[in-house]
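Asks: Dropping in start.pdb, with PDB, C-alpha atoms and all ligand atoms.
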```
ATOM      1  CA  MET O  25      63.800 -15.888  -4.538  1.00  0.00           C
ATOM      2  CA  ALA O  26      60.503 -16.196  -6.222  1.00  0.00           C
ATOM      3  CA  PHE O  27      57.289 -17.944  -5.463  1.00  0.00           C
ATOM      4  CA  PHE O  28      55.052 -19.119  -8.176  1.00  0.00           C
ATOM      5  CA  PHE O  29      51.468 -19.788  -7.369  1.00  0.00           C
ATOM      6  CA  THR O  30      49.922 -21.673 -10.153  1.00  0.00           C
ATOM      7  CA  CYS O  31      46.240 -20.933 -10.339  1.00  0.00           C
ATOM      8  CA  GLY O  32      43.884 -22.651 -12.644  1.00  0.00           C
ATOM      9  CA  THR O  33      40.745 -24.651 -12.919  1.00  0.00           C
ATOM     10  CA  HIS O  34      40.099 -28.310 -12.674  1.00  0.00           C
ATOM     11  CA  THR O  35      37.007 -29.979 -13.972  1.00  0.00           C
ATOM     12  CA  PHE O  36      35.889 -33.187 -12.382  1.00  0.00           C
ATOM     13  CA  ASN O  37      34.235 -35.203 -15.054  1.00  0.00           C
ATOM     14  CA  SER O  38      32.650 -38.571 -14.469  1.00  0.00           C
ATOM     15  CA  LEU O  39      29.654 -40.538 -15.555  1.00  0.00           C
ATOM     16  CA  LEU O  40      26.631 -39.808 -13.447  1.00  0.00           C
ATOM     17  CA  GLN O  41      26.168 -42.722 -11.104  1.00  0.00           C
ATOM     18  CA  GLY O  42      23.100 -44.791 -11.749  1.00  0.00           C
ATOM     19  CA  TYR O  43      22.706 -43.497 -15.282  1.00  0.00           C
ATOM     20  CA  GLU O  44      25.745 -45.071 -16.896  1.00  0.00           C
ATOM     21  CA  ASN O  45      23.536 -47.112 -19.208  1.00  0.00           C
ATOM     22  CA  ILE O  46      21.798 -44.149 -20.742  1.00  0.00           C
ATOM     23  CA  GLN O  47      22.890 -43.426 -24.254  1.00  0.00           C
ATOM     24  CA  ALA O  48      21.399 -40.532 -26.081  1.00  0.00           C
ATOM     25  CA  GLN O  49      21.858 -39.016 -29.484  1.00  0.00           C
ATOM     26  CA  CYS O  50      24.482 -36.339 -29.724  1.00  0.00           C
ATOM     27  CA  GLN O  51      22.904 -33.224 -31.153  1.00  0.00           C
ATOM     28  CA  ASN O  52      26.196 -32.179 -32.629  1.00  0.00           C
ATOM     29  CA  CYS O  53      27.423 -35.218 -34.559  1.00  0.00           C
ATOM     30  CA  GLY O  54      24.255 -37.313 -34.521  1.00  0.00           C
ATOM     31  CA  ASN O  55      25.832 -40.427 -33.060  1.00  0.00           C
ATOM     32  CA  PHE O  56      24.166 -42.345 -30.274  1.00  0.00           C
ATOM     33  CA  SER O  57      27.203 -41.794 -28.132  1.00  0.00           C
ATOM     34  CA  ALA O  58      26.083 -39.145 -25.665  1.00  0.00           C
ATOM     35  CA  LYS O  59      26.097 -40.058 -22.014  1.00  0.00           C
ATOM     36  CA  VAL O  60      25.127 -38.264 -18.853  1.00  0.00           C
ATOM     37  CA  TYR O  61      28.117 -36.729 -17.153  1.00  0.00           C
ATOM     38  CA  LYS O  62      28.667 -34.978 -13.908  1.00  0.00           C
ATOM     39  CA  ARG O  63      30.951 -32.015 -14.360  1.00  0.00           C
ATOM     40  CA  TRP O  64      32.193 -29.901 -11.535  1.00  0.00           C
ATOM     41  CA  GLU O  65      34.611 -27.049 -12.039  1.00  0.00           C
ATOM     42  CA  TRP O  66      36.947 -26.086  -9.230  1.00  0.00           C
ATOM     43  CA  PHE O  67      39.376 -23.271  -8.756  1.00  0.00           C
ATOM     44  CA  THR O  68      42.822 -24.708  -8.127  1.00  0.00           C
ATOM     45  CA  LEU O  69      45.869 -23.321  -6.417  1.00  0.00           C
ATOM     46  CA  CYS O  70      49.075 -25.192  -7.106  1.00  0.00           C
ATOM     47  CA  PHE O  71      46.947 -27.862  -8.759  1.00  0.00           C
ATOM     48  CA  VAL O  72      44.963 -28.467  -5.584  1.00  0.00           C
ATOM     49  CA  PRO O  73      41.233 -27.875  -5.931  1.00  0.00           C
ATOM     50  CA  ILE O  74      40.301 -25.186  -3.399  1.00  0.00           C
ATOM     51  CA  ILE O  75      36.949 -23.634  -4.233  1.00  0.00           C
ATOM     52  CA  PRO O  76      34.166 -25.004  -6.402  1.00  0.00           C
ATOM     53  CA  PHE O  77      32.743 -22.595  -8.969  1.00  0.00           C
ATOM     54  CA  SER O  78      29.290 -23.816  -8.193  1.00  0.00           C
ATOM     55  CA  LEU O  79      27.698 -25.515  -5.236  1.00  0.00           C
ATOM     56  CA  LYS O  80      26.524 -28.475  -7.232  1.00  0.00           C
ATOM     57  CA  PRO O  81      28.045 -30.376 -10.095  1.00  0.00           C
ATOM     58  CA  HIS O  82      26.529 -29.739 -13.484  1.00  0.00           C
ATOM     59  CA  HIS O  83      24.728 -32.545 -15.160  1.00  0.00           C
ATOM     60  CA  GLU O  84      25.589 -32.532 -18.786  1.00  0.00           C
ATOM     61  CA  VAL O  85      25.056 -34.680 -21.816  1.00  0.00           C
ATOM     62  CA  GLY O  86      28.429 -35.289 -23.338  1.00  0.00           C
ATOM     63  CA  CYS O  87      29.626 -36.979 -26.489  1.00  0.00           C
ATOM     64  CA  HIS O  88      32.929 -38.793 -26.409  1.00  0.00           C
ATOM     65  CA  ILE O  89      33.238 -38.707 -30.187  1.00  0.00           C
ATOM     66  CA  CYS O  90      33.045 -34.985 -30.869  1.00  0.00           C
ATOM     67  CA  HIS O  91      33.428 -33.814 -27.242  1.00  0.00           C
ATOM     68  CA  PHE O  92      30.242 -31.805 -27.411  1.00  0.00           C
ATOM     69  CA  TYR O  93      28.713 -31.045 -24.051  1.00  0.00           C
ATOM     70  CA  GLN O  94      25.397 -29.472 -23.336  1.00  0.00           C
ATOM     71  CA  ASP O  95      23.498 -28.864 -20.157  1.00  0.00           C
ATOM     72  CA  ILE O  96      20.956 -31.511 -19.364  1.00  0.00           C
ATOM     73  CA  MET O  97      18.355 -28.762 -19.113  1.00  0.00           C
ATOM     74  CA  HIS O  98      18.433 -28.606 -22.894  1.00  0.00           C
ATOM     75  CA  ARG O  99      17.814 -32.339 -23.277  1.00  0.00           C
ATOM     76  CA  PRO O 100      14.308 -33.176 -22.068  1.00  0.00           C
ATOM     77  CA  ASP O 101      14.558 -36.502 -23.892  1.00  0.00           C
ATOM     78  CA  VAL O 102      17.520 -37.486 -21.732  1.00  0.00           C
ATOM     79  CA  GLN O 103      15.766 -36.291 -18.595  1.00  0.00           C
ATOM     80  CA  GLN O 104      12.869 -38.508 -19.553  1.00  0.00           C
ATOM     81  CA  MET O 105      15.228 -41.460 -19.876  1.00  0.00           C
ATOM     82  CA  MET O 106      16.625 -40.687 -16.438  1.00  0.00           C
ATOM     83  CA  ASN O 107      13.142 -40.570 -14.937  1.00  0.00           C
ATOM     84  CA  ASN O 108      12.116 -43.819 -16.607  1.00  0.00           C
ATOM     85  CA  PRO O 109      15.063 -46.203 -16.432  1.00  0.00           C
ATOM     86  CA  GLN O 110      12.928 -48.950 -17.938  1.00  0.00           C
ATOM     87  CA  SER O 111      12.589 -47.027 -21.162  1.00  0.00           C
ATOM     88  CA  SER O 112      16.271 -46.212 -21.411  1.00  0.00           C
ATOM     89  CA  ILE O 113      16.605 -48.155 -24.633  1.00  0.00           C
ATOM     90  CA  PRO O 114      17.438 -45.512 -27.203  1.00  0.00           C
ATOM     91  CA  MET O 115      14.828 -44.832 -29.812  1.00  0.00           C
ATOM     92  CA  GLN O 116      15.548 -45.249 -33.465  1.00  0.00           C
ATOM     93  CA  PRO O 117      17.877 -42.524 -34.645  1.00  0.00           C
ATOM     94  CA  GLN O 118      16.233 -40.022 -36.911  1.00  0.00           C
ATOM     95  CA  GLN O 119      16.977 -40.737 -40.503  1.00  0.00           C
ATOM     96  CA  PRO O 120      18.504 -37.900 -42.462  1.00  0.00           C
ATOM     97  CA  TYR O 121      16.564 -36.609 -45.428  1.00  0.00           C
ATOM     98  CA  GLY O 122      16.817 -38.796 -48.465  1.00  0.00           C
ATOM     99  CA  ALA O 123      17.918 -41.899 -46.614  1.00  0.00           C
ATOM    100  CA  PRO O 124      15.512 -44.807 -47.020  1.00  0.00           C
ATOM    101  CA  PRO O 125      13.991 -46.040 -43.785  1.00  0.00           C
ATOM    102  CA  GLN O 126      15.384 -49.268 -42.505  1.00  0.00           C
ATOM    103  CA  GLN O 127      13.147 -52.144 -43.492  1.00  0.00           C
ATOM    104  CA  TYR O 128      14.770 -54.502 -41.069  1.00  0.00           C
ATOM    105  CA  LYS O 129      12.197 -55.853 -38.648  1.00  0.00           C
ATOM    106  CA  ALA O 130      12.965 -58.205 -35.838  1.00  0.00           C
ATOM    107  CA  PRO O 131      10.404 -60.995 -35.570  1.00  0.00           C
ATOM    108  CA  GLN O 132       8.017 -60.567 -32.700  1.00  0.00           C
ATOM    109  CA  GLY O 133       7.060 -63.308 -30.320  1.00  0.00           C
ATOM    110  CA  PRO O 134       8.788 -66.604 -29.677  1.00  0.00           C
ATOM    111  CA  PRO O 135      11.048 -67.869 -32.456  1.00  0.00           C
ATOM    112  CA  GLN O 136       9.559 -70.564 -34.602  1.00  0.00           C
ATOM    113  CA  TYR O 137      11.768 -73.247 -36.032  1.00  0.00           C
ATOM    114  CA  VAL O 138      10.322 -74.683 -39.236  1.00  0.00           C
TER     115      VAL O 138
HETATM  116 ZN    ZN R 201      28.936 -35.966 -30.856  1.00  0.00          ZN
END
```
I need this file expressed as structure tokens, please.
Ligand SMILES: [Zn+2]
Replies:
Amino acid sequence: MAFFFTCGTHTFNSLLQGYENIQAQCQNCGNFSAKVYKRWEWFTLCFVPIIPFSLKPHHEVGCHICHFYQDIMHRPDVQQMMNNPQSSIPMQPQQPYGAPPQQYKAPQGPPQYV
């Protein structure tokens, strides 16, 4: 007769409520695909979360393309977006060296039909 206690960890991972619309640049792959996630690691016993590793969930900037996660402390630009929801429109991605800047300009003001 043997008992097996399966211990492990479980990470709760979900988009941070209220900031689902924020999209930031991933510092790993460069895509504008990083979002603000809430990650909370728990110690599990028999797959049941028992004890959290930390008192609060981590806030992380995660990329769903390359699965790169970094603590939001390292992303002041994302924190700024979170503090100013009005300015949550992502800025122009930085052009890599050698790439010509985009000359595409959207017309300002009301459209004029000639
Ligand atoms: Zn990425």
Asks: Find the distance between atom CA of O:Gly42 and atom CA of O:Ile75 and write it in Å to one decimal.
Replies: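 Computing the Euclidean distance for atom CA of O:Gly42 and atom CA of O:Ile75 yields 26.4 Å.
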Asks: Considering all atoms listed in the file, can you say which of O:Cys70, O:Leu40, O:Leu79, O:Ile89 comes closest to ligand ZN 201 (chain R)?
Replies: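 So, comparing all the options, the nearest one is O:Ile89.
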Asks: Atom CA of O:Glu65 and atom CA of O:Cys50, how far apart in Å?
Replies: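 Answer for the atom CA of O:Cys50 to atom CA of O:Glu65 separation: 22.4 Å.
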Asks: Expand the PyMOL selection byres (((not hetatm)) within 10 of (chain R and resi 201)) into the individual residues it matches in the shown file, reporting them as a list of chain:residue names.
Replies: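 Taken over the shown coordinates, the PyMOL selection byres (((not hetatm)) within 10 of (chain R and resi 201)) returns O:Gln49, O:Cys50, O:Gln51, O:Asn52, O:Cys53, O:Gly54, O:Asn55, O:Phe56, O:Ser57, O:Ala58, O:Val85, O:Gly86, O:Cys87, O:His88, O:Ile89, O:Cys90, O:His91, O:Phe92, O:Tyr93.
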Asks: Any idea what the distance is between atom CA of O:Pro73 and atom CA of O:Tyr61?
Replies: 19.4 Å
Asks: Ranking O:Ala48, O:Val102, O:Leu39, O:Leu69 by minimum distance to O:Pro81 and counting only C-alpha atoms, which one comes first?
Replies: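 Among the listed residues, the smallest separation from O:Pro81 belongs to O:Leu39.
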Asks: So which residues touch O:Thr33 within 6 Å, counting all atoms listed in the file, skipping near sequence neighbours fewer than 4 positions away, as a PyMOL selection string?
Replies: chain O and resi 66-68
Asks: Mind listing as a PDB file with C-alpha atoms, keeping the file's coordinate frame all residues within 9 Å of (52.3, -24.9, -11.1), counting only C-alpha atoms?
Replies:
```pdb
ATOM      1  CA  PHE O  28      55.052 -19.119  -8.176  1.00  0.00           C
ATOM      2  CA  PHE O  29      51.468 -19.788  -7.369  1.00  0.00           C
ATOM      3  CA  THR O  30      49.922 -21.673 -10.153  1.00  0.00           C
ATOM      4  CA  CYS O  31      46.240 -20.933 -10.339  1.00  0.00           C
ATOM      5  CA  GLY O  32      43.884 -22.651 -12.644  1.00  0.00           C
ATOM      6  CA  LEU O  69      45.869 -23.321  -6.417  1.00  0.00           C
ATOM      7  CA  CYS O  70      49.075 -25.192  -7.106  1.00  0.00           C
ATOM      8  CA  PHE O  71      46.947 -27.862  -8.759  1.00  0.00           C
TER       9      PHE O  71
END
```
Asks: Neighbourhood query: residues within 10 Å of (21.9, -27.6, -16.1), file coordinates, counting only C-alpha atoms; return as a ChimeraX atom specification.
Replies: /O:81-85,94-99
